[in-house]
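*Asks:* I am attaching a structure below and will ask some questions about it afterwards.
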Number of protein chains: 2
Amino acid sequence: MTSCATCIVRNSAICGALSNAELATLNKIGRRRTLEAGETLIWEGEESVLVANVIDGVLKVTTSLKDGREQIVGIACPSDFLGRPFGENAGQSVVALSDAKVCLFAREAFDGFAREHPDLQTTLLERILGELDLSRRWMLLLSRKTASERVATFILEMSQRLADHGCAAPGGSIDTLRLPFGRQQMADILGMTIETVSRQLTELKKRGVIRLPSRQAIEIVDRAALEALA
Amino acid sequence: MTSCATCIVRNSAICGALSNAELATLNKIGRRRTLEAGETLIWEGEESVLVANVIDGVLKVTTSLKDGREQIVGIACPSDFLGRPFGENAGQSVVALSDAKVCLFAREAFDGFAREHPDLQTTLLERILGELDLSRRWMLLLSRKTASERVATFILEMSQRLADHGCAAPGGSIDTLRLPFGRQQMADILGMTIETVSRQLTELKKRGVIRLPSRQAIEIVDRAALEALA
DNA sequence: CGTACACTTGAGACCATTCAAACTTGGTGG
DNA sequence: CCACCAAGTTTGAATGGTCTCAAGTGTACG
């Protein structure tokens, strides 16, 4: 029996808006689920039947074209909210990048609960507004920034995110990022090809701005230079 | 004295969630304002002091880089909501594209009112979720679609919007769009240059897919062809 | 030790941009 | 009514940044 009382994201997820009594009610309509890396939780275009809180792991939120071109429009870390409440269709797919644990709710049940709990709605609204700001800023990157600006921005943004809530994997100081994804996913986030990402990273390495200690790690050597580039 | 009772967006804006009594309270903290084309209502990066409902006219929501590169991340039409509630900073600028009328609220007063009126919050949440879906779909266009795909998608999207709520200006059937903006703004929406937009439009004209009866009008001749391109 | 997979590097092609010039359009005043 | 002007738009030629395709290198894992 899993319980909200012992949940590690109890206070940082939207559940933080609820009292223990309210949480007990929510607990009844929710259930936990584990996902393996690569597993899809939500399919783009399908009916929106699920919403979820991330408990552990990292997931990607994507939209794609029929021919396979894909764009990652969001990265979900522990305590982040997933899914499309108050709507019939899921606009994006959600896929686990690492093994993950989520707290699932049937969308309709969640909608009903939310309508009766204004504080939860406020919290949710604040989160979604933050997401909207983020995705709009990202639109500027995708449409107007050059390859090197994109990579510089990406590294700084990830560093930021690591600082905020330990999303970007363990075992690094503020300046050594252990990223939970490979080049292809970086490319899908930045709207470029894998080759261009690679070239830009080696360029930054050559210039002594970053180091690449291992495949999935980036160490920031000269943060000021990165900021100038982004 | 302006009154919500006679407001033309009374039912289509977020105010639709409120009773007449509640609306009277909201009316006290709001005021009307007219904007001339080109006037800025909200500045990116400044403190978020205002939120608003659009009553008349069309406005653009933009983010930009210091060097002037700009991306339009949203178009606001009558009954649309503007601004950043529950947050300190405005992430985007809002500029009137045509002469416009808006219903303004001090952000903090609005936040307070919203917290006490769950139905308003639900409505707002639904709207913001819709905006998020839209902007995420647009990210895919900006990062992965070719110039011709972008223009085709744009025309269809605008046609859709015209059909939904008479945003895209008067005097047109479903297939003749009178757009409230010029080539530069199309470019800023699509993340391209003005020249590329122009070239793609003439290309579509040559192929008999659209006609360009006047500077700001686009007539869809072969909708199926457009859909195939998008 | 060998194989598979991810990443890097290189050469060439291509699409969108840049810069420049010509053309429309709509408005103003002679 | 027409000439003129300014602003917006179209068109052209050349450039350049990113992608594509292909081969090479490295790293993890059996």
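By order in the structure tokens, chains are A, B, ...; within a chain, residues start at 1; ligands start at 1, following the order shown.
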Per residue of chain D within 12 Å of chain A, note the shortest atom pair and the distance in Å to one decimal, counting only C-alpha atoms (C1' of nucleotides), and order the rows by chain and increasing residue number, as JSON lines.

*Replies:*
```
{"residue": "D:DG17", "atom": "C1'", "partner": "A:Thr146", "partner_atom": "CA", "distance": 8.6}
{"residue": "D:DT18", "atom": "C1'", "partner": "A:Thr196", "partner_atom": "CA", "distance": 7.4}
{"residue": "D:DC19", "atom": "C1'", "partner": "A:Thr193", "partner_atom": "CA", "distance": 7.4}
{"residue": "D:DT20", "atom": "C1'", "partner": "A:Thr193", "partner_atom": "CA", "distance": 10.0}
{"residue": "D:DC21", "atom": "C1'", "partner": "A:Glu195", "partner_atom": "CA", "distance": 11.5}
{"residue": "D:DG26", "atom": "C1'", "partner": "A:Arg215", "partner_atom": "CA", "distance": 10.1}
{"residue": "D:DT27", "atom": "C1'", "partner": "A:Arg215", "partner_atom": "CA", "distance": 8.7}
{"residue": "D:DA28", "atom": "C1'", "partner": "A:Arg215", "partner_atom": "CA", "distance": 10.8}
```

*Asks:* Could you dump the residues just selected with all heavy atoms as a short mmCIF file (atom, residue, chain, number, x, y, z; two decimals), in the first residue's frame?

*Replies:*
```cif
data_model
loop_
_atom_site.label_atom_id
_atom_site.label_comp_id
_atom_site.auth_asym_id
_atom_site.auth_seq_id
_atom_site.Cartn_x
_atom_site.Cartn_y
_atom_site.Cartn_z
P DG D 17 27.75 31.41 -41.63
OP1 DG D 17 28.15 32.63 -40.93
OP2 DG D 17 28.73 30.38 -42.05
"O5'" DG D 17 26.61 30.69 -40.76
"C5'" DG D 17 25.26 31.15 -40.84
"C4'" DG D 17 24.32 29.97 -40.79
"O4'" DG D 17 24.25 29.33 -42.08
"C3'" DG D 17 24.73 28.88 -39.80
"O3'" DG D 17 23.57 28.52 -39.06
"C2'" DG D 17 25.26 27.75 -40.68
"C1'" DG D 17 24.52 27.95 -41.99
N9 DG D 17 25.27 27.61 -43.21
C8 DG D 17 26.58 27.89 -43.49
N7 DG D 17 26.96 27.50 -44.68
C5 DG D 17 25.82 26.92 -45.22
C6 DG D 17 25.60 26.32 -46.49
O6 DG D 17 26.40 26.18 -47.42
N1 DG D 17 24.30 25.85 -46.63
C2 DG D 17 23.32 25.97 -45.66
N2 DG D 17 22.12 25.47 -45.98
N3 DG D 17 23.50 26.53 -44.48
C4 DG D 17 24.77 26.98 -44.32
P DT D 18 23.68 27.57 -37.83
OP1 DT D 18 22.84 28.20 -36.81
OP2 DT D 18 25.11 27.28 -37.58
"O5'" DT D 18 22.99 26.22 -38.30
"C5'" DT D 18 21.68 26.29 -38.87
"C4'" DT D 18 21.42 25.07 -39.72
"O4'" DT D 18 22.26 25.05 -40.87
"C3'" DT D 18 21.64 23.72 -39.00
"O3'" DT D 18 20.39 23.04 -39.00
"C2'" DT D 18 22.72 23.03 -39.82
"C1'" DT D 18 22.58 23.71 -41.18
N1 DT D 18 23.81 23.73 -42.03
C2 DT D 18 23.72 23.31 -43.35
O2 DT D 18 22.70 22.90 -43.85
N3 DT D 18 24.90 23.38 -44.05
C4 DT D 18 26.12 23.82 -43.58
O4 DT D 18 27.11 23.85 -44.32
C5 DT D 18 26.15 24.25 -42.21
C7 DT D 18 27.42 24.74 -41.60
C6 DT D 18 25.00 24.19 -41.50
P DC D 19 20.26 21.53 -38.54
OP1 DC D 19 18.90 21.42 -37.97
OP2 DC D 19 21.44 21.12 -37.77
"O5'" DC D 19 20.26 20.73 -39.93
"C5'" DC D 19 19.29 21.07 -40.90
"C4'" DC D 19 19.45 20.19 -42.14
"O4'" DC D 19 20.72 20.47 -42.76
"C3'" DC D 19 19.42 18.70 -41.85
"O3'" DC D 19 18.54 18.09 -42.79
"C2'" DC D 19 20.87 18.25 -42.02
"C1'" DC D 19 21.42 19.27 -43.00
N1 DC D 19 22.87 19.59 -42.82
C2 DC D 19 23.74 19.54 -43.92
O2 DC D 19 23.30 19.19 -45.02
N3 DC D 19 25.05 19.87 -43.74
C4 DC D 19 25.49 20.25 -42.55
N4 DC D 19 26.78 20.57 -42.43
C5 DC D 19 24.62 20.31 -41.41
C6 DC D 19 23.34 19.98 -41.59
P DT D 20 18.19 16.52 -42.66
OP1 DT D 20 16.78 16.40 -43.08
OP2 DT D 20 18.64 16.04 -41.33
"O5'" DT D 20 19.10 15.80 -43.76
"C5'" DT D 20 19.22 16.36 -45.06
"C4'" DT D 20 20.24 15.58 -45.87
"O4'" DT D 20 21.57 16.08 -45.59
"C3'" DT D 20 20.27 14.07 -45.58
"O3'" DT D 20 20.20 13.39 -46.82
"C2'" DT D 20 21.60 13.86 -44.88
"C1'" DT D 20 22.46 15.00 -45.40
N1 DT D 20 23.53 15.50 -44.49
C2 DT D 20 24.78 15.76 -45.00
O2 DT D 20 25.08 15.57 -46.16
N3 DT D 20 25.68 16.24 -44.08
C4 DT D 20 25.46 16.49 -42.74
O4 DT D 20 26.35 16.92 -42.02
C5 DT D 20 24.11 16.20 -42.27
C7 DT D 20 23.78 16.42 -40.84
C6 DT D 20 23.22 15.72 -43.16
P DC D 21 19.95 11.80 -46.91
OP1 DC D 21 19.09 11.58 -48.09
OP2 DC D 21 19.54 11.33 -45.58
"O5'" DC D 21 21.40 11.22 -47.23
"C5'" DC D 21 22.20 11.83 -48.23
"C4'" DC D 21 23.63 11.35 -48.12
"O4'" DC D 21 24.33 12.11 -47.10
"C3'" DC D 21 23.80 9.87 -47.75
"O3'" DC D 21 24.78 9.31 -48.61
"C2'" DC D 21 24.26 9.92 -46.31
"C1'" DC D 21 25.08 11.21 -46.33
N1 DC D 21 25.34 11.84 -45.00
C2 DC D 21 26.54 12.53 -44.80
O2 DC D 21 27.36 12.61 -45.72
N3 DC D 21 26.78 13.11 -43.60
C4 DC D 21 25.87 13.01 -42.62
N4 DC D 21 26.15 13.61 -41.46
C5 DC D 21 24.64 12.31 -42.80
C6 DC D 21 24.42 11.74 -44.00
P DG D 26 39.85 7.64 -31.17
OP1 DG D 26 40.63 8.78 -30.66
OP2 DG D 26 40.50 6.37 -31.54
"O5'" DG D 26 38.71 7.32 -30.11
"C5'" DG D 26 37.85 8.36 -29.68
"C4'" DG D 26 36.64 7.76 -28.98
"O4'" DG D 26 35.94 6.89 -29.90
"C3'" DG D 26 36.97 6.93 -27.75
"O3'" DG D 26 36.34 7.58 -26.65
"C2'" DG D 26 36.35 5.55 -28.03
"C1'" DG D 26 35.37 5.84 -29.16
N9 DG D 26 35.13 4.76 -30.11
C8 DG D 26 36.00 4.26 -31.03
N7 DG D 26 35.48 3.32 -31.79
C5 DG D 26 34.19 3.19 -31.31
C6 DG D 26 33.15 2.34 -31.74
O6 DG D 26 33.17 1.49 -32.65
N1 DG D 26 31.99 2.53 -31.01
C2 DG D 26 31.84 3.44 -29.98
N2 DG D 26 30.66 3.50 -29.37
N3 DG D 26 32.81 4.26 -29.57
C4 DG D 26 33.95 4.08 -30.29
P DT D 27 36.72 7.25 -25.18
OP1 DT D 27 36.61 8.53 -24.45
OP2 DT D 27 37.94 6.43 -25.14
"O5'" DT D 27 35.49 6.34 -24.75
"C5'" DT D 27 34.18 6.73 -25.16
"C4'" DT D 27 33.17 5.67 -24.75
"O4'" DT D 27 32.99 4.71 -25.82
"C3'" DT D 27 33.57 4.86 -23.51
"O3'" DT D 27 32.44 4.78 -22.68
"C2'" DT D 27 33.98 3.51 -24.08
"C1'" DT D 27 33.07 3.40 -25.29
N1 DT D 27 33.53 2.55 -26.41
C2 DT D 27 32.62 1.74 -27.04
O2 DT D 27 31.45 1.70 -26.73
N3 DT D 27 33.13 0.99 -28.08
C4 DT D 27 34.44 0.96 -28.52
O4 DT D 27 34.78 0.25 -29.46
C5 DT D 27 35.35 1.83 -27.81
C7 DT D 27 36.80 1.87 -28.20
C6 DT D 27 34.87 2.58 -26.80
P DA D 28 32.51 4.22 -21.21
OP1 DA D 28 32.01 5.26 -20.28
OP2 DA D 28 33.85 3.63 -21.00
"O5'" DA D 28 31.44 3.06 -21.30
"C5'" DA D 28 30.12 3.35 -21.77
"C4'" DA D 28 29.40 2.06 -22.06
"O4'" DA D 28 30.00 1.41 -23.19
"C3'" DA D 28 29.43 1.05 -20.91
"O3'" DA D 28 28.14 0.47 -20.79
"C2'" DA D 28 30.48 0.04 -21.34
"C1'" DA D 28 30.32 0.06 -22.85
N9 DA D 28 31.51 -0.31 -23.62
C8 DA D 28 32.80 0.09 -23.41
N7 DA D 28 33.65 -0.39 -24.28
C5 DA D 28 32.86 -1.16 -25.13
C6 DA D 28 33.16 -1.94 -26.25
N6 DA D 28 34.40 -2.06 -26.75
N1 DA D 28 32.14 -2.58 -26.87
C2 DA D 28 30.90 -2.44 -26.37
N3 DA D 28 30.51 -1.73 -25.31
C4 DA D 28 31.54 -1.12 -24.73
#
```

*Asks:* Dump as a list in words the residues of chain C that approach chain A to within 9 Å, counting only C-alpha atoms (C1' of nucleotides).

*Replies:* DA6, DC7, DT8 and DT9 of chain C

*Asks:* Env of DT28 (chain C): 12 Å cut, atoms = only C-alpha atoms (C1' of nucleotides), seq-sep filter 3 positions within chain, self excluded. Answer as a PyMOL selection string.

*Replies:* chain D and resi 2-6

*Asks:* Pick out the chain A residues within 8 Å of chain B. Count only C-alpha atoms. Give them as a PyMOL selection string.

*Replies:* chain A and resi 63-64+69-71+73+84+86-87+91+115+118-119+121-122+125-126+128-129+131-133+135-140+142-144+190-192

*Asks:* May I have the residues within 10 Å of Glu88 (chain B) as a list in words, using only C-alpha atoms (C1' of nucleotides) and disregarding those fewer than 6 positions away in the same chain?

*Replies:*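 Final neighbour list, sorted by chain and number: Gly45, Glu46, Glu47, Ser48, Val49, Arg107 and Glu108 of chain B.
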
*Asks:* Keeping N, CA, C and O atoms, export the residues of the selection given above as a short mmCIF file (atom, residue, chain, number, x, y, z; two decimals), in the first residue's frame.

*Replies:*
```
data_model
loop_
_atom_site.label_atom_id
_atom_site.label_comp_id
_atom_site.auth_asym_id
_atom_site.auth_seq_id
_atom_site.Cartn_x
_atom_site.Cartn_y
_atom_site.Cartn_z
N GLY B 45 9.74 41.51 -19.51
CA GLY B 45 10.78 41.67 -18.50
C GLY B 45 10.40 42.61 -17.37
O GLY B 45 10.96 42.55 -16.28
N GLU B 46 9.44 43.49 -17.61
CA GLU B 46 9.00 44.39 -16.55
C GLU B 46 8.16 43.64 -15.52
O GLU B 46 7.72 42.52 -15.76
N GLU B 47 7.92 44.29 -14.43
CA GLU B 47 7.07 43.71 -13.41
C GLU B 47 5.67 43.51 -13.99
O GLU B 47 5.17 44.33 -14.75
N SER B 48 5.04 42.41 -13.62
CA SER B 48 3.69 42.12 -14.12
C SER B 48 2.66 42.88 -13.30
O SER B 48 2.27 42.45 -12.23
N VAL B 49 2.22 44.02 -13.78
CA VAL B 49 1.27 44.82 -13.02
C VAL B 49 -0.14 44.77 -13.59
O VAL B 49 -1.09 45.12 -12.91
N ARG B 107 -2.90 43.59 -11.59
CA ARG B 107 -2.65 42.15 -11.46
C ARG B 107 -2.95 41.63 -10.06
O ARG B 107 -3.60 40.60 -9.90
N GLU B 108 -2.49 42.34 -9.04
CA GLU B 108 -2.66 41.84 -7.68
C GLU B 108 -4.13 41.77 -7.29
O GLU B 108 -4.56 40.82 -6.64
#
```

*Asks:* Got a sec to tell me which of region 16-104 of chain B DSSP assigns to helix (DSSP H, G or I), as a PyMOL selection string?

*Replies:* chain B and resi 16-17+20-29

*Asks:* Selected residues, N, CA, C and O atoms, written as a CSV table (one decimal), in the first residue's frame, please.

*Replies:*
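Output saved as out_27.csv:
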```
chain,number,residue,atom,x,y,z
B,16,GLY,N,-17.4,35.0,-18.5
B,16,GLY,CA,-18.6,34.1,-18.7
B,16,GLY,C,-18.8,33.2,-17.5
B,16,GLY,O,-19.9,32.6,-17.3
B,17,ALA,N,-17.7,32.9,-16.7
B,17,ALA,CA,-17.8,32.0,-15.6
B,17,ALA,C,-18.5,32.7,-14.4
B,17,ALA,O,-18.7,32.0,-13.4
B,20,ASN,N,-23.9,37.6,-12.4
B,20,ASN,CA,-24.0,39.1,-12.5
B,20,ASN,C,-23.5,39.8,-11.2
B,20,ASN,O,-22.8,40.8,-11.3
B,21,ALA,N,-23.7,39.2,-10.1
B,21,ALA,CA,-23.3,39.8,-8.8
B,21,ALA,C,-21.8,39.8,-8.7
B,21,ALA,O,-21.1,40.9,-8.4
B,22,GLU,N,-21.2,38.7,-9.1
B,22,GLU,CA,-19.7,38.6,-9.0
B,22,GLU,C,-19.1,39.6,-10.0
B,22,GLU,O,-18.1,40.2,-9.8
B,23,LEU,N,-19.8,39.7,-11.2
B,23,LEU,CA,-19.3,40.5,-12.2
B,23,LEU,C,-19.2,42.0,-11.8
B,23,LEU,O,-18.3,42.8,-12.1
B,24,ALA,N,-20.2,42.4,-11.0
B,24,ALA,CA,-20.3,43.7,-10.5
B,24,ALA,C,-19.1,44.0,-9.6
B,24,ALA,O,-18.5,45.1,-9.7
B,25,THR,N,-18.6,43.1,-8.8
B,25,THR,CA,-17.4,43.2,-8.0
B,25,THR,C,-16.2,43.4,-8.9
B,25,THR,O,-15.4,44.2,-8.7
B,26,LEU,N,-16.1,42.5,-9.9
B,26,LEU,CA,-15.0,42.5,-10.8
B,26,LEU,C,-14.9,43.9,-11.5
B,26,LEU,O,-13.9,44.5,-11.7
B,27,ASN,N,-16.1,44.3,-11.9
B,27,ASN,CA,-16.2,45.6,-12.6
B,27,ASN,C,-15.5,46.7,-11.8
B,27,ASN,O,-15.0,47.7,-12.4
B,28,LYS,N,-15.6,46.7,-10.5
B,28,LYS,CA,-15.1,47.7,-9.6
B,28,LYS,C,-13.5,47.8,-9.7
B,28,LYS,O,-13.0,48.9,-9.6
B,29,ILE,N,-12.9,46.7,-9.9
B,29,ILE,CA,-11.4,46.7,-10.0
B,29,ILE,C,-10.9,46.8,-11.4
B,29,ILE,O,-9.7,46.9,-11.6
```

*Asks:* To one decimal place, how far is CA of Arg161 (chain A) from CA of Ala13 (chain A) in Å?

*Replies:*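 That distance, rounded to one decimal, is 15.7 Å.
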
*Asks:* Report the distance between CA of Ala52 (chain A) and CA of Arg32 (chain A) in Å, rounded to one decimal place.

*Replies:*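 Result for CA of Ala52 (chain A) versus CA of Arg32 (chain A): 9.3 Å, one decimal.
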